[in-house]
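Participant: So I've got this file, query-v6.pdb, and it contains PDB, C-alpha atoms:
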ATOM      1  CA  MET A   1      28.349  14.838 -24.058
ATOM      2  CA  THR A   2      30.906  12.039 -23.674
ATOM      3  CA  CYS A   3      32.469  11.994 -20.240
ATOM      4  CA  SER A   4      34.017   9.636 -17.787
ATOM      5  CA  HIS A   5      32.190   8.044 -14.910
ATOM      6  CA  THR A   6      32.433   5.093 -12.601
ATOM      7  CA  ASP A   7      29.908   2.300 -12.505
ATOM      8  CA  ASN A   8      30.303   1.417  -8.851
ATOM      9  CA  SER A   9      27.217   1.212  -6.697
ATOM     10  CA  GLY A  10      26.794   3.564  -3.763
ATOM     11  CA  SER A  11      26.472   7.287  -3.215
ATOM     12  CA  VAL A  12      28.770  10.272  -3.691
ATOM     13  CA  ASP A  13      31.972  10.097  -1.616
ATOM     14  CA  LEU A  14      33.207  13.654  -2.149
ATOM     15  CA  LEU A  15      31.016  16.693  -2.672
ATOM     16  CA  TYR A  16      32.290  20.172  -3.487
ATOM     17  CA  ALA A  17      30.275  23.375  -3.750
ATOM     18  CA  VAL A  18      31.657  26.496  -5.433
ATOM     19  CA  ARG A  19      29.975  29.865  -5.369
ATOM     20  CA  HIS A  20      30.130  31.630  -8.722
ATOM     21  CA  GLY A  21      32.715  34.345  -9.290
ATOM     22  CA  GLN A  22      31.980  37.988  -8.590
ATOM     23  CA  SER A  23      29.077  39.259 -10.703
ATOM     24  CA  THR A  24      28.013  42.701 -11.852
ATOM     25  CA  ALA A  25      25.091  42.461  -9.430
ATOM     26  CA  ASN A  26      27.425  41.739  -6.501
ATOM     27  CA  VAL A  27      29.343  44.926  -7.265
ATOM     28  CA  ALA A  28      26.201  47.013  -7.674
ATOM     29  CA  LEU A  29      24.621  45.815  -4.430
ATOM     30  CA  ALA A  30      27.856  46.373  -2.489
ATOM     31  CA  ALA A  31      27.799  49.960  -3.738
ATOM     32  CA  GLY A  32      24.128  50.397  -2.843
ATOM     33  CA  GLU A  33      23.195  50.801  -6.492
ATOM     34  CA  LEU A  34      19.976  49.671  -8.126
ATOM     35  CA  ILE A  35      20.339  47.453 -11.175
ATOM     36  CA  GLU A  36      17.717  46.419 -13.665
ATOM     37  CA  SER A  37      18.560  43.003 -15.015
ATOM     38  CA  ASP A  38      17.151  39.547 -15.485
ATOM     39  CA  ASP A  39      18.702  37.442 -12.742
ATOM     40  CA  MET A  40      19.307  34.660 -15.249
ATOM     41  CA  THR A  41      21.561  36.797 -17.449
ATOM     42  CA  ILE A  42      23.803  38.590 -14.932
ATOM     43  CA  GLU A  43      27.440  38.126 -15.952
ATOM     44  CA  LEU A  44      30.773  37.845 -14.200
ATOM     45  CA  THR A  45      32.992  40.863 -13.719
ATOM     46  CA  GLU A  46      36.636  40.765 -14.770
ATOM     47  CA  LEU A  47      37.531  39.820 -11.201
ATOM     48  CA  GLY A  48      34.828  37.159 -11.266
ATOM     49  CA  GLU A  49      36.389  35.670 -14.386
ATOM     50  CA  ARG A  50      39.788  35.528 -12.668
ATOM     51  CA  GLN A  51      38.178  33.861  -9.672
ATOM     52  CA  ALA A  52      36.632  31.247 -11.961
ATOM     53  CA  VAL A  53      40.021  30.583 -13.553
ATOM     54  CA  ALA A  54      41.466  30.174 -10.049
ATOM     55  CA  VAL A  55      38.802  27.585  -9.281
ATOM     56  CA  GLY A  56      39.868  25.736 -12.412
ATOM     57  CA  ARG A  57      43.511  25.810 -11.340
ATOM     58  CA  TRP A  58      42.512  24.470  -7.939
ATOM     59  CA  LEU A  59      40.734  21.601  -9.689
ATOM     60  CA  VAL A  60      43.829  20.930 -11.794
ATOM     61  CA  SER A  61      45.853  20.617  -8.570
ATOM     62  CA  LEU A  62      43.663  17.795  -7.227
ATOM     63  CA  ASP A  63      44.750  14.173  -7.313
ATOM     64  CA  PRO A  64      42.808  11.969  -9.748
ATOM     65  CA  ASP A  65      40.885  10.339  -6.886
ATOM     66  CA  GLN A  66      39.707  13.780  -5.725
ATOM     67  CA  LEU A  67      38.814  15.329  -9.056
ATOM     68  CA  PRO A  68      35.040  15.624  -9.634
ATOM     69  CA  ASP A  69      33.581  13.274 -12.219
ATOM     70  CA  LEU A  70      30.249  15.123 -12.325
ATOM     71  CA  VAL A  71      29.463  18.845 -12.260
ATOM     72  CA  LEU A  72      25.979  20.125 -11.456
ATOM     73  CA  CYS A  73      25.559  23.783 -12.351
ATOM     74  CA  SER A  74      22.976  26.437 -11.609
ATOM     75  CA  PRO A  75      21.139  27.640 -14.727
ATOM     76  CA  TYR A  76      22.157  31.249 -14.032
ATOM     77  CA  LEU A  77      24.706  32.666 -16.471
ATOM     78  CA  ARG A  78      27.173  33.751 -13.780
ATOM     79  CA  ALA A  79      27.395  30.164 -12.535
ATOM     80  CA  VAL A  80      27.607  28.726 -16.050
ATOM     81  CA  GLN A  81      30.420  31.146 -16.919
ATOM     82  CA  THR A  82      32.247  30.166 -13.731
ATOM     83  CA  TRP A  83      32.196  26.509 -14.682
ATOM     84  CA  GLN A  84      33.115  27.175 -18.319
ATOM     85  CA  LEU A  85      36.230  29.104 -17.308
ATOM     86  CA  ALA A  86      37.188  26.470 -14.729
ATOM     87  CA  GLU A  87      36.673  23.710 -17.278
ATOM     88  CA  GLN A  88      39.011  25.485 -19.705
ATOM     89  CA  GLU A  89      41.795  25.134 -17.138
ATOM     90  CA  LEU A  90      41.156  21.396 -16.851
ATOM     91  CA  ARG A  91      41.142  21.081 -20.609
ATOM     92  CA  ALA A  92      44.403  23.033 -20.965
ATOM     93  CA  ALA A  93      46.038  20.764 -18.387
ATOM     94  CA  ASN A  94      44.811  17.635 -20.200
ATOM     95  CA  ARG A  95      42.895  16.495 -17.126
ATOM     96  CA  THR A  96      39.920  14.190 -17.445
ATOM     97  CA  LEU A  97      36.791  16.291 -17.918
ATOM     98  CA  PRO A  98      33.820  15.548 -15.683
ATOM     99  CA  CYS A  99      30.314  15.072 -16.946
ATOM    100  CA  HIS A 100      28.393  18.324 -16.752
ATOM    101  CA  ARG A 101      24.731  19.175 -16.549
ATOM    102  CA  ILE A 102      22.516  22.079 -15.585
ATOM    103  CA  ASP A 103      20.286  21.410 -12.597
ATOM    104  CA  GLN A 104      17.337  23.800 -12.500
ATOM    105  CA  ARG A 105      16.965  23.300  -8.736
ATOM    106  CA  LEU A 106      20.276  25.059  -8.061
ATOM    107  CA  TYR A 107      19.178  28.594  -8.970
ATOM    108  CA  ASP A 108      19.709  31.429  -6.507
ATOM    109  CA  ARG A 109      17.030  32.403  -4.017
ATOM    110  CA  SER A 110      14.306  34.387  -5.772
ATOM    111  CA  ARG A 111      13.629  37.683  -4.009
ATOM    112  CA  GLY A 112      10.651  38.529  -6.177
ATOM    113  CA  GLN A 113       9.829  42.235  -6.175
ATOM    114  CA  LEU A 114      12.841  42.917  -3.928
ATOM    115  CA  LYS A 115      15.255  41.534  -6.523
ATOM    116  CA  HIS A 116      18.485  43.552  -6.754
ATOM    117  CA  LEU A 117      17.176  46.280  -4.452
ATOM    118  CA  PRO A 118      19.681  47.735  -1.951
ATOM    119  CA  ARG A 119      18.505  47.766   1.660
ATOM    120  CA  ALA A 120      17.722  51.482   1.547
ATOM    121  CA  ALA A 121      15.529  51.010  -1.529
ATOM    122  CA  VAL A 122      13.664  48.124   0.146
ATOM    123  CA  ARG A 123      12.932  50.267   3.190
ATOM    124  CA  GLU A 124      11.681  53.073   0.976
ATOM    125  CA  ARG A 125       9.546  51.052  -1.447
ATOM    126  CA  PHE A 126       8.424  48.209   0.850
ATOM    127  CA  PRO A 127       8.549  49.643   4.390
ATOM    128  CA  ASP A 128       6.769  46.658   5.989
ATOM    129  CA  GLU A 129       9.035  43.977   4.545
ATOM    130  CA  PRO A 130      12.213  44.438   6.664
ATOM    131  CA  GLY A 131      10.202  43.892   9.844
ATOM    132  CA  LYS A 132       8.571  40.773   8.437
ATOM    133  CA  GLU A 133      11.949  39.367   7.491
ATOM    134  CA  ALA A 134      13.456  40.169  10.899
ATOM    135  CA  ARG A 135      10.671  38.245  12.641
ATOM    136  CA  ASP A 136      11.184  35.091  10.551
ATOM    137  CA  PRO A 137      14.477  35.241   8.632
ATOM    138  CA  LEU A 138      14.279  31.725   7.191
ATOM    139  CA  GLY A 139      10.554  31.507   6.582
ATOM    140  CA  TYR A 140      10.022  35.021   5.212
ATOM    141  CA  ARG A 141       8.923  35.225   1.570
ATOM    142  CA  PRO A 142       9.428  38.535  -0.244
ATOM    143  CA  PRO A 143       6.492  39.597  -2.442
ATOM    144  CA  GLY A 144       6.572  37.253  -5.412
ATOM    145  CA  GLY A 145       9.690  35.488  -4.116
ATOM    146  CA  GLU A 146      10.690  32.506  -2.038
ATOM    147  CA  SER A 147      11.920  31.933   1.493
ATOM    148  CA  PHE A 148      15.184  30.344   2.514
ATOM    149  CA  LYS A 149      13.151  27.353   3.645
ATOM    150  CA  ASP A 150      11.863  27.099   0.079
ATOM    151  CA  VAL A 151      15.467  27.012  -1.126
ATOM    152  CA  ALA A 152      16.257  24.238   1.352
ATOM    153  CA  GLU A 153      13.253  22.243   0.211
ATOM    154  CA  ARG A 154      14.291  22.169  -3.443
ATOM    155  CA  LEU A 155      17.850  21.333  -2.434
ATOM    156  CA  ARG A 156      16.623  18.301  -0.502
ATOM    157  CA  GLY A 157      15.758  16.782  -3.862
ATOM    158  CA  VAL A 158      19.302  17.411  -5.092
ATOM    159  CA  VAL A 159      20.792  15.801  -1.972
ATOM    160  CA  SER A 160      18.434  12.846  -2.253
ATOM    161  CA  ASP A 161      19.635  12.279  -5.804
ATOM    162  CA  LEU A 162      23.262  12.480  -4.697
ATOM    163  CA  ARG A 163      22.681   9.914  -1.973
ATOM    164  CA  SER A 164      21.290   7.485  -4.521
ATOM    165  CA  GLU A 165      23.871   8.324  -7.218
ATOM    166  CA  HIS A 166      25.384   5.157  -8.695
ATOM    167  CA  ARG A 167      27.423   6.478 -11.615
ATOM    168  CA  HIS A 168      29.554   9.176  -9.983
ATOM    169  CA  ARG A 169      31.632   9.298  -6.821
ATOM    170  CA  ARG A 170      32.829  12.898  -6.750
ATOM    171  CA  VAL A 171      30.504  15.787  -7.513
ATOM    172  CA  LEU A 172      31.056  19.524  -7.884
ATOM    173  CA  ILE A 173      28.128  21.926  -7.524
ATOM    174  CA  VAL A 174      28.554  25.414  -9.008
ATOM    175  CA  ALA A 175      25.871  27.704  -7.673
ATOM    176  CA  HIS A 176      25.161  30.482  -5.137
ATOM    177  CA  ASP A 177      25.772  31.435  -1.516
ATOM    178  CA  ALA A 178      22.275  30.420  -0.393
ATOM    179  CA  VAL A 179      22.736  27.031  -2.041
ATOM    180  CA  VAL A 180      26.030  26.482  -0.216
ATOM    181  CA  LEU A 181      24.500  27.495   3.117
ATOM    182  CA  PHE A 182      21.523  25.182   2.875
ATOM    183  CA  LEU A 183      23.563  22.305   1.545
ATOM    184  CA  ARG A 184      25.393  22.643   4.842
ATOM    185  CA  GLN A 185      22.153  22.485   6.778
ATOM    186  CA  ILE A 186      20.923  19.404   4.940
ATOM    187  CA  LEU A 187      24.190  17.452   4.768
ATOM    188  CA  GLU A 188      25.282  18.255   8.324
ATOM    189  CA  ASN A 189      21.809  18.195   9.936
ATOM    190  CA  LEU A 190      22.210  21.737  11.242
ATOM    191  CA  THR A 191      19.430  23.426  13.177
ATOM    192  CA  ASP A 192      17.866  26.660  11.964
ATOM    193  CA  THR A 193      19.643  28.425  14.826
ATOM    194  CA  ALA A 194      23.009  27.112  13.626
ATOM    195  CA  VAL A 195      22.249  28.180  10.054
ATOM    196  CA  LEU A 196      21.367  31.702  11.171
ATOM    197  CA  ALA A 197      24.620  31.854  13.144
ATOM    198  CA  LEU A 198      26.585  30.843  10.031
ATOM    199  CA  ALA A 199      24.799  33.485   7.980
ATOM    200  CA  GLU A 200      25.562  36.098  10.627
ATOM    201  CA  GLU A 201      29.270  35.252  10.391
ATOM    202  CA  GLY A 202      29.174  35.702   6.620
ATOM    203  CA  LEU A 203      28.066  33.710   3.604
ATOM    204  CA  ALA A 204      30.345  31.851   1.208
ATOM    205  CA  GLY A 205      32.353  34.307  -0.873
ATOM    206  CA  ASN A 206      32.598  34.508  -4.641
ATOM    207  CA  GLY A 207      34.735  31.708  -6.029
ATOM    208  CA  SER A 208      35.009  30.017  -2.632
ATOM    209  CA  ILE A 209      35.112  26.255  -2.149
ATOM    210  CA  THR A 210      33.203  24.179   0.382
ATOM    211  CA  GLY A 211      33.673  20.427   0.627
ATOM    212  CA  TRP A 212      32.224  17.374   2.364
ATOM    213  CA  GLN A 213      33.258  13.722   2.624
ATOM    214  CA  ARG A 214      30.831  10.860   3.065
ATOM    215  CA  THR A 215      31.127   8.948   6.322
ATOM    216  CA  ALA A 216      29.183   6.097   7.864
ATOM    217  CA  ASP A 217      26.912   8.681   9.514
ATOM    218  CA  GLY A 218      26.371  10.996   6.533
ATOM    219  CA  TYR A 219      28.580  13.828   5.333
ATOM    220  CA  GLN A 220      31.382  15.530   7.233
ATOM    221  CA  LEU A 221      32.467  19.082   6.431
ATOM    222  CA  LEU A 222      36.039  19.267   5.117
ATOM    223  CA  THR A 223      36.295  22.978   4.392
ATOM    224  CA  TYR A 224      33.935  25.933   4.265
ATOM    225  CA  ASP A 225      34.302  29.149   2.288
ATOM    226  CA  GLU A 226      37.911  28.339   1.343
ATOM    227  CA  ARG A 227      39.417  31.278  -0.560
ATOM    228  CA  THR A 228      43.177  30.760  -0.411
ATOM    229  CA  HIS A 229      43.256  29.827  -4.111
ATOM    230  CA  LEU A 230      41.710  33.140  -5.203
ATOM    231  CA  PRO A 231      43.412  36.267  -6.555
ATOM    232  CA  GLU A 232      43.445  39.165  -4.101
ATOM    233  CA  THR A 233      42.169  41.689  -6.659
TER     234      THR A 233
END
How would this structure read if it were set down as structure tokens?
Facilitator:
Amino acid sequence: MTCSHTDNSGSVDLLYAVRHGQSTANVALAAGELIESDDMTIELTELGERQAVAVGRWLVSLDPDQLPDLVLCSPYLRAVQTWQLAEQELRAANRTLPCHRIDQRLYDRSRGQLKHLPRAAVRERFPDEPGKEARDPLGYRPPGGESFKDVAERLRGVVSDLRSEHRHRRVLIVAHDAVVLFLRQILENLTDTAVLALAEEGLAGNGSITGWQRTADGYQLLTYDERTHLPET
């Protein structure tokens, strides 16, 4: 696609991360319901669509020197839909559209055989797994899945690319709560203990915005899990 970019040397100055809008799987899991669906094809709910539009309106409100000039999106449909709806708001406001590409490394954590299972169903079908996870929350791999440390490892490649990015200064990542959490660990050099404390407080909500600014020492957190732009219902 044709899109604007800068040609200045250096790395990304502003980085934003947005969690996708509410999905049908989010609703089902909150209700303790089992869903059978390919993780790649889970869609936004009506509320999730409104949240995505709100993200777009937040982008429209940014000054030109804050507006992303590159968007990296998870390959999952719920993230793609979130960006598409946000982009429509930029287009309607005649704002400069950022370059956009899918980054396969930004997919949600794979839970393997535990995918989309409520906690009660996990305890019933895989009685040994909750104990394993409790003993090593970040290193635990569900059967056929990946650990949070695996997620962090693939994100290190994304961050490395951002640090050597020469064409774009402001980047928006549209992905998942685990991606946001471990971007924080990598960019802010957080310990595993600090990451677990953040997770205990609550992960980034649907449609929320997290942002960092580059400093001489790395990246400084500007805002985490910002939701003031979102509709209440």
Participant: Could the residues of segment 73-176 of chain A that have an atom at most 10 Å from segment 210-228 of chain A be listed as JSON lines, each with its closest atom pair and the distance in Å to one decimal, counting only C-alpha atoms and ordered by chain and ascending residue number?
Facilitator:
{"residue": "A:Arg163", "atom": "CA", "partner": "A:Gly218", "partner_atom": "CA", "distance": 9.3}
{"residue": "A:Arg170", "atom": "CA", "partner": "A:Gln213", "partner_atom": "CA", "distance": 9.4}
{"residue": "A:Val171", "atom": "CA", "partner": "A:Gly211", "partner_atom": "CA", "distance": 9.9}
{"residue": "A:Leu172", "atom": "CA", "partner": "A:Gly211", "partner_atom": "CA", "distance": 8.9}
{"residue": "A:Ile173", "atom": "CA", "partner": "A:Thr210", "partner_atom": "CA", "distance": 9.7}
Participant: By how many Å are atom CA of Ala204 of chain A and atom CA of Leu15 of chain A apart?
Facilitator: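 Value for the atom CA of Ala204 of chain A-atom CA of Leu15 of chain A distance: 15.7 Å.
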Participant: Using all atoms listed in the file, find the one residue out of A:Leu114, A:Ala79, A:Ile102, A:Ala175 that sits nearest to Gly144 of chain A.
Facilitator: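 Answer, going by the shortest atom-to-atom distance: A:Leu114.
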Participant: Taking all listed atoms of segment 13-23 of chain A, build the axis-aligned box, pad each of the six sides by 6 Å, then write its centre and edge lengths in Å to one decimal as lines of an AutoDock Vina configuration file.
Facilitator:
center_x = 31.1
center_y = 24.7
center_z = -6.2
size_x = 16.1
size_y = 41.2
size_z = 21.1
Participant: For a test of reading the model, state the distance in Å between atom CA of Gln22 of chain A and atom CA of Asp69 of chain A, rounded to one decimal.
Facilitator: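 Result for atom CA of Gln22 of chain A versus atom CA of Asp69 of chain A: 25.0 Å, one decimal.
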Participant: Between atom CA of Ile35 of chain A and atom CA of Leu117 of chain A, what is the distance, to one decimal in Å?
Facilitator: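 Separation of atom CA of Ile35 of chain A and atom CA of Leu117 of chain A: 7.5 Å.
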Participant: Specify as a ChimeraX atom specification each residue included when the PyMOL selection byres ((chain A and resi 95) around 12) is applied to this file.
Facilitator: /A:3-4,56-57,59-64,67-69,86-94,96-98
Participant: Hey, what's within 12 Å of Gln104 of chain A if we count all atoms listed in the file and toss same-chain stuff fewer than 6 positions away? As a list in words, please?
Facilitator: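 Using all atoms listed in the file, the neighbours found are Met40, Leu72, Cys73, Ser74, Pro75, Tyr76, Ala79, Val80, Val151, Arg154, Leu155, Gly157, Val158, Val174 and Ala175 of chain A.
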Participant: Rank A:Ala25, A:Leu70, A:Leu14, A:Ala54 by their smallest atom-to-atom distance to Leu187 of chain A, using all atoms listed in the file, and report the top residue only.
Facilitator: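 Closest residue, counting all atoms listed in the file: A:Leu14.
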Participant: Please expand the PyMOL selection byres ((chain A and resi 125-140) around 10) into the concrete residues it hits in this file, giving the result as a PyMOL selection string.
Facilitator: chain A and resi 113-114+117+119-124+141-143+145-152+192-193+195-196
Participant: I'd like the contact shell of Arg50 of chain A - 9 Å cut-off, all atoms listed in the file, skipping same-chain residues fewer than 2 positions apart - returned as a PyMOL selection string.
Facilitator: chain A and resi 21+45-48+52-55+85+230-231+233
